[in-house]
Amino acid sequence: MDAPFLSVRKLTKHFAPTAFSRGPVVRALEDISFDIARGQVVGLVGESGSGKTTIGRSVLRLIEPTSGEIRFDGVDITSLSAGPLARQRRRMQYIFQDPFASLSPRMTIGQILTEGLDIQGIGNRRERRARAEKALAAVELPVDAYDRYAHEFSGGQRQRIGIARALTLEPEFIVADEPVSALDVSIQAQIINLLRDLQVRLGLTMLFISHDLAVVEYICDTVIVLYLGRIMEVAPAAALYARPQHPYTRALLSAIPSLDPLARQGRQVLKGDIPSPAKPPTGCVFRTRCPVALDACAGIVPPLRATSDGHLKACIRDDIA
Amino acid sequence: MDAPILSISGLRAVFRIAGRDIAAVQDVDLVIGSGETVALVGESGSGKSVTSLSIIGLLPKKIGRIAEGSIALRRRDGTVTELTGLDPESLRKVRGNDIGMVFQEPMTSLNPVYSIGEQIAEPIRIHLGKSHRDAATDAVRLLAQVGIPDPDRRARQYPHELSGGMRQRATIAMALSCDPTLLIADEPTTALDVTIQAQILDLLAALQAQRGMGILFVTHNLGVVAEIADRVAVMYAGRIVESGPVSEVFTRPRHPYTAGLMRSVPRLGQATTLKAAGTPLPTIAGNVPSLALLPKGCSFAPRCALAVDACRTAVPPLFAATSTQQSRCLRWEDL
């Protein structure tokens with residue numbers, strides 16, 4: 001079997017207090033391991049503080065992991081110096097959540113799209129423009145967008161520009177961080193269809209981050225469910241929705257309001273708040289809100305184990321599966 | 001029968017932009033009875049928030065105003081007050097008193113330098129004339145009612161010491177402090193995680209069952225509407241395009257926009273089927289039109305697969321599709 005395209009091993013990130021901030025160490029990620037095969041889309045799903053964005057940024061080394069290893073196409077990203085890292089980065093791109101904050105209001109779309117090429121020293125001016133125009137076409141925007149400014153576009157169109165910016169470098173791997181969360185419902189589906197189409201057509205490998213389980217189902221092959229910096233469950237998308245194994249995944253699915261007004265009843269509502277990552281519970285981090293927690297759950301951090309039907313889950317309650 | 005809690009008719013709210021009045025909301029009629037939850041649902045720029053801001057007289061001061069229409073509120077003492085054209089002082093006596101408000105971002109509704117208890121007690125002192133001590137006792141009781149554990153201690157804490165969900169509970173306690181007849185909840189769960197959203201929706205439903213207030217629930221999330229509302233009004237480009245009981249509108253939408261919106265919402269399990277079949281997710285083509293450049297006729301016509309020439313000549317009236325469901329579509333019978 002081929003080596004995975006992206007391989008994350010024992011990734012841990014602690015944010016220590018700085019000279020300007022007091023308080024305890026924030027344990028954003030603990031012992032995260034997963035693989036993405038070339039051409040696959042893996043979804044990272046979780047609520048606030050689950051660490052999904054921290055994983056996305058660590059993978060591109062936009063933040064420095066505390067420990068752990070990230071291999072991209074066989075190269076250990078975590079130990080690279082600036083020069084070789086920059087060369088790897090041209091193969092990896094990031095799509096941001098907020099299409100208003102992530103596009104400079106003072107640059108033309110053309111400048112935004114060619115900036116990465118400029119930095120990487122790719123092509124001459126004419127070639128860079130040609131690449132940018134190709135990217136605009138790929139995201140179904142008119143070519144004349146090149147000389148216009150971000151404010152002239154709607155939210156959905158701006159997100160298309162953000163995607164085009166990621167495409168100009170012709171990357172092989174993309175981290176899409178909540179790319180549709182800021183968009184209206186009718187536009188969300190357009191952007192997901194576009195990303196899926198590009199992913200298939202260009203053979204992209206993708207890490208797709210979202211707080212919304214319903215959004216990732218269409219685009220992801222595999223879904224990783226996170227809670228307070230730890231992986232709770234990993235499963236192929238279809239299996240995760242059909243047969244969630246971890247009590248947290250079940251609760252998360254159950255909390256999504258259904259369009260069927262008759263389905264109001266029977267929803268499982270988790271009690272309490274998400275604990276602070278500065279003071280995570282001992283043992284299983286989910287146990288303080290878990291409807292099926294036992295005393296034993298406080299004692300050990302449940303390891304991620306394979307279940308009989310091909311999921312990975314971090315839960316000691318095998319009897320409830 | 002009692003008069004409705006809220007009765008809006010012919011509301012038109014305009015913004016003065018570049019020397020021109022642009023209607024953010026027009027032809028809006030809406031009635032909320034006591035104990036009833038009505039959801040106003042729509043996408044960005046549909047006018048749902050402008051409608052709720054019109055009720056409480058908080059349109060942006062220099063540029064926004066109510067150009068036409070009436071907004072009548074039944075108050076706690078049973079009298080009915082016309083809110084449009086009320087002077088600022090009288091309006092202040094209604095706001096936070098007969099009308100409670102909860103907004104999207106609890107941190108912007110809470111003052112960081114006052115304790116939670118002080119902030120809940122303030123409207124009780126101002127509107128109900130209670131003493132500091134009585135208001136403080138009431139505040140602790142309200143915190144307990146909105147499900148905040150250890151309310152005595154929490155009342156002495158400051159907003160930054162509470163989680164997002166707890167803060168939203170505190171703003172709900174503040175909104176309910178004067179026992180309002182109408183609660184306006186404008187995207188109250190949008191900034192919250194989905195497991196916390198479920199808690200807040202349950203809380204609002206329970207509080208309404210106890211108190212019998214009317215709720216105007218503004219949201220972009222159709223799932224939340226199905227969860228909490230009795231009736232729904234769907235807005236598009238400043239107008240209500242469809243309204244009726246949630247059970248009717250969601251099982252049989254009579255406006256192509258509502259139908260398109262319902263299809264666009266990702267449903268658990270459905271995407272797997274579509275993906276296996278190689279079919280894209282259903283979408284609504286195009287973008288929401290700018291309010292300054294609305295097309296002639298039906299605003300949705302440029303994006304509508306059912307549009308015919310007649311749709312582009314005049315704005316369709318609201319048709320009674322059933323005795324309870326209305327649609328602003330010439331072709332509602334074809335849906």
# chains A, B, ... in the order shown; residues from 1 in each chain; ligands from 1
call {"tool": "select_by_dssp", "arguments": {"residues": "segment 25-213 of chain A", "states": "strand (DSSP E)", "output": "number ranges by chain"}}
result
A: 26-36, 41-45, 67-72, 75-76, 92-95, 173-177, 205-210
call {"tool": "interface_residues", "arguments": {"of": "chain B", "to": "chain A", "cutoff": "8 Å", "atoms": "only C-alpha atoms", "output": "PyMOL selection string"}}
result
chain B and resi 43-44+163+165+193-199+220+222-227+246-247+250-251+260-262+264-269+271-272+274-275+280-285+287
call {"tool": "residues_around", "arguments": {"residues": "segment 63-68 of chain B", "least_positions_apart": "5", "cutoff": "12 Å", "atoms": "only C-alpha atoms", "output": "PyMOL selection string"}}
result
chain B and resi 8-29+50-58+83-86
call {"tool": "residues_around", "arguments": {"residues": "segment 126-133 of chain B", "least_positions_apart": "4", "cutoff": "7 Å", "atoms": "only C-alpha atoms", "output": "PDB file with N, CA and C atoms, in the first residue's frame"}}
result
ATOM      1  N   LYS B  93     -39.922  53.274  27.520  1.00  0.00           N
ATOM      2  CA  LYS B  93     -40.705  52.641  28.584  1.00  0.00           C
ATOM      3  C   LYS B  93     -41.261  51.290  28.152  1.00  0.00           C
ATOM      4  N   ASN B  97     -39.191  46.320  28.756  1.00  0.00           N
ATOM      5  CA  ASN B  97     -40.254  46.258  29.750  1.00  0.00           C
ATOM      6  C   ASN B  97     -41.365  45.348  29.229  1.00  0.00           C
ATOM      7  N   GLU B 122     -31.210  45.991  36.834  1.00  0.00           N
ATOM      8  CA  GLU B 122     -31.395  47.369  36.372  1.00  0.00           C
ATOM      9  C   GLU B 122     -32.780  47.623  35.756  1.00  0.00           C
ATOM     10  N   THR B 137     -32.785  40.422  44.488  1.00  0.00           N
ATOM     11  CA  THR B 137     -33.380  39.112  44.784  1.00  0.00           C
ATOM     12  C   THR B 137     -34.045  38.548  43.530  1.00  0.00           C
TER      13      THR B 137
END
call {"tool": "select_by_dssp", "arguments": {"residues": "segment 69-263 of chain B", "states": "helix (DSSP H, G or I)", "output": "JSON, numbers by chain"}}
result
{"B": [88, 89, 90, 91, 92, 93, 94, 106, 107, 108, 109, 116, 117, 118, 119, 120, 121, 122, 123, 124, 125, 126, 127, 128, 132, 133, 134, 135, 136, 137, 138, 139, 140, 141, 142, 143, 144, 145, 151, 152, 153, 154, 155, 159, 160, 161, 164, 165, 166, 167, 168, 169, 170, 171, 172, 173, 174, 175, 176, 194, 195, 196, 197, 198, 199, 200, 201, 202, 203, 204, 205, 206, 207, 208, 209, 210, 211, 222, 223, 224, 225, 226, 227, 228, 246, 247, 248, 249, 250, 251, 256, 257, 258, 259, 260, 261, 262, 263]}
call {"tool": "residues_around", "arguments": {"residues": "segment 255-258 of chain B", "least_positions_apart": "6", "cutoff": "12 Å", "atoms": "only C-alpha atoms", "output": "PyMOL selection string"}}
result
(chain A and resi 185-186) or (chain B and resi 41-43+222+232-237+240-244+246+248-249+264-265+283-285+288+298-307+316+318-321+325-335)
call {"tool": "residues_around", "arguments": {"residues": "Leu143 of chain B", "least_positions_apart": "6", "cutoff": "9 Å", "atoms": "only C-alpha atoms", "output": "list of chain:residue names"}}
result
B:Gly117, B:Ile120, B:Pro149, B:Asp150, B:Pro151, B:Asp152, B:Arg154, B:Ala155, B:Arg169, B:Ala170, B:Ile172, B:Ala173, B:Met174
call {"tool": "write_last_selection", "arguments": {"atoms": "N, CA and C atoms", "output": "PDB file, in the first residue's frame"}}
result
ATOM      1  N   GLY B 117     -25.718  40.140  37.906  1.00  0.00           N
ATOM      2  CA  GLY B 117     -26.870  40.447  38.747  1.00  0.00           C
ATOM      3  C   GLY B 117     -27.308  41.902  38.620  1.00  0.00           C
ATOM      4  N   ILE B 120     -29.208  42.473  35.365  1.00  0.00           N
ATOM      5  CA  ILE B 120     -30.574  41.939  35.317  1.00  0.00           C
ATOM      6  C   ILE B 120     -31.484  42.776  36.216  1.00  0.00           C
ATOM      7  N   PRO B 149     -26.770  27.265  37.194  1.00  0.00           N
ATOM      8  CA  PRO B 149     -26.509  26.675  38.504  1.00  0.00           C
ATOM      9  C   PRO B 149     -25.808  27.682  39.414  1.00  0.00           C
ATOM     10  N   ASP B 150     -26.029  27.560  40.696  1.00  0.00           N
ATOM     11  CA  ASP B 150     -25.380  28.421  41.675  1.00  0.00           C
ATOM     12  C   ASP B 150     -25.653  29.909  41.388  1.00  0.00           C
ATOM     13  N   PRO B 151     -26.939  30.289  41.266  1.00  0.00           N
ATOM     14  CA  PRO B 151     -27.272  31.645  40.791  1.00  0.00           C
ATOM     15  C   PRO B 151     -26.770  32.765  41.700  1.00  0.00           C
ATOM     16  N   ASP B 152     -26.681  32.499  43.012  1.00  0.00           N
ATOM     17  CA  ASP B 152     -26.194  33.524  43.933  1.00  0.00           C
ATOM     18  C   ASP B 152     -24.791  33.986  43.566  1.00  0.00           C
ATOM     19  N   ARG B 154     -23.204  33.326  40.644  1.00  0.00           N
ATOM     20  CA  ARG B 154     -23.147  33.811  39.264  1.00  0.00           C
ATOM     21  C   ARG B 154     -23.589  35.265  39.163  1.00  0.00           C
ATOM     22  N   ALA B 155     -24.559  35.658  39.996  1.00  0.00           N
ATOM     23  CA  ALA B 155     -25.061  37.032  39.947  1.00  0.00           C
ATOM     24  C   ALA B 155     -23.950  38.034  40.272  1.00  0.00           C
ATOM     25  N   ARG B 169     -27.934  32.652  28.440  1.00  0.00           N
ATOM     26  CA  ARG B 169     -28.963  32.441  29.467  1.00  0.00           C
ATOM     27  C   ARG B 169     -29.158  33.712  30.283  1.00  0.00           C
ATOM     28  N   ALA B 170     -28.042  34.396  30.602  1.00  0.00           N
ATOM     29  CA  ALA B 170     -28.143  35.628  31.393  1.00  0.00           C
ATOM     30  C   ALA B 170     -28.896  36.718  30.619  1.00  0.00           C
ATOM     31  N   ILE B 172     -31.159  36.206  28.444  1.00  0.00           N
ATOM     32  CA  ILE B 172     -32.574  35.802  28.451  1.00  0.00           C
ATOM     33  C   ILE B 172     -33.206  36.196  29.787  1.00  0.00           C
ATOM     34  N   ALA B 173     -32.476  35.994  30.882  1.00  0.00           N
ATOM     35  CA  ALA B 173     -32.981  36.408  32.197  1.00  0.00           C
ATOM     36  C   ALA B 173     -33.249  37.912  32.207  1.00  0.00           C
ATOM     37  N   MET B 174     -32.337  38.673  31.602  1.00  0.00           N
ATOM     38  CA  MET B 174     -32.505  40.121  31.542  1.00  0.00           C
ATOM     39  C   MET B 174     -33.731  40.489  30.712  1.00  0.00           C
TER      40      MET B 174
END
call {"tool": "closest_residue", "arguments": {"among": "B:Gly33, B:Gly147, B:Pro253, B:Pro188", "to": "Ala206 of chain B", "atoms": "only C-alpha atoms"}}
result
B:Gly147
call {"tool": "residues_around", "arguments": {"residues": "Gly39 of chain A", "least_positions_apart": "3", "cutoff": "9 Å", "atoms": "only C-alpha atoms", "output": "ChimeraX atom specification"}}
result
/A:5,36,172-173,199-200,202-206
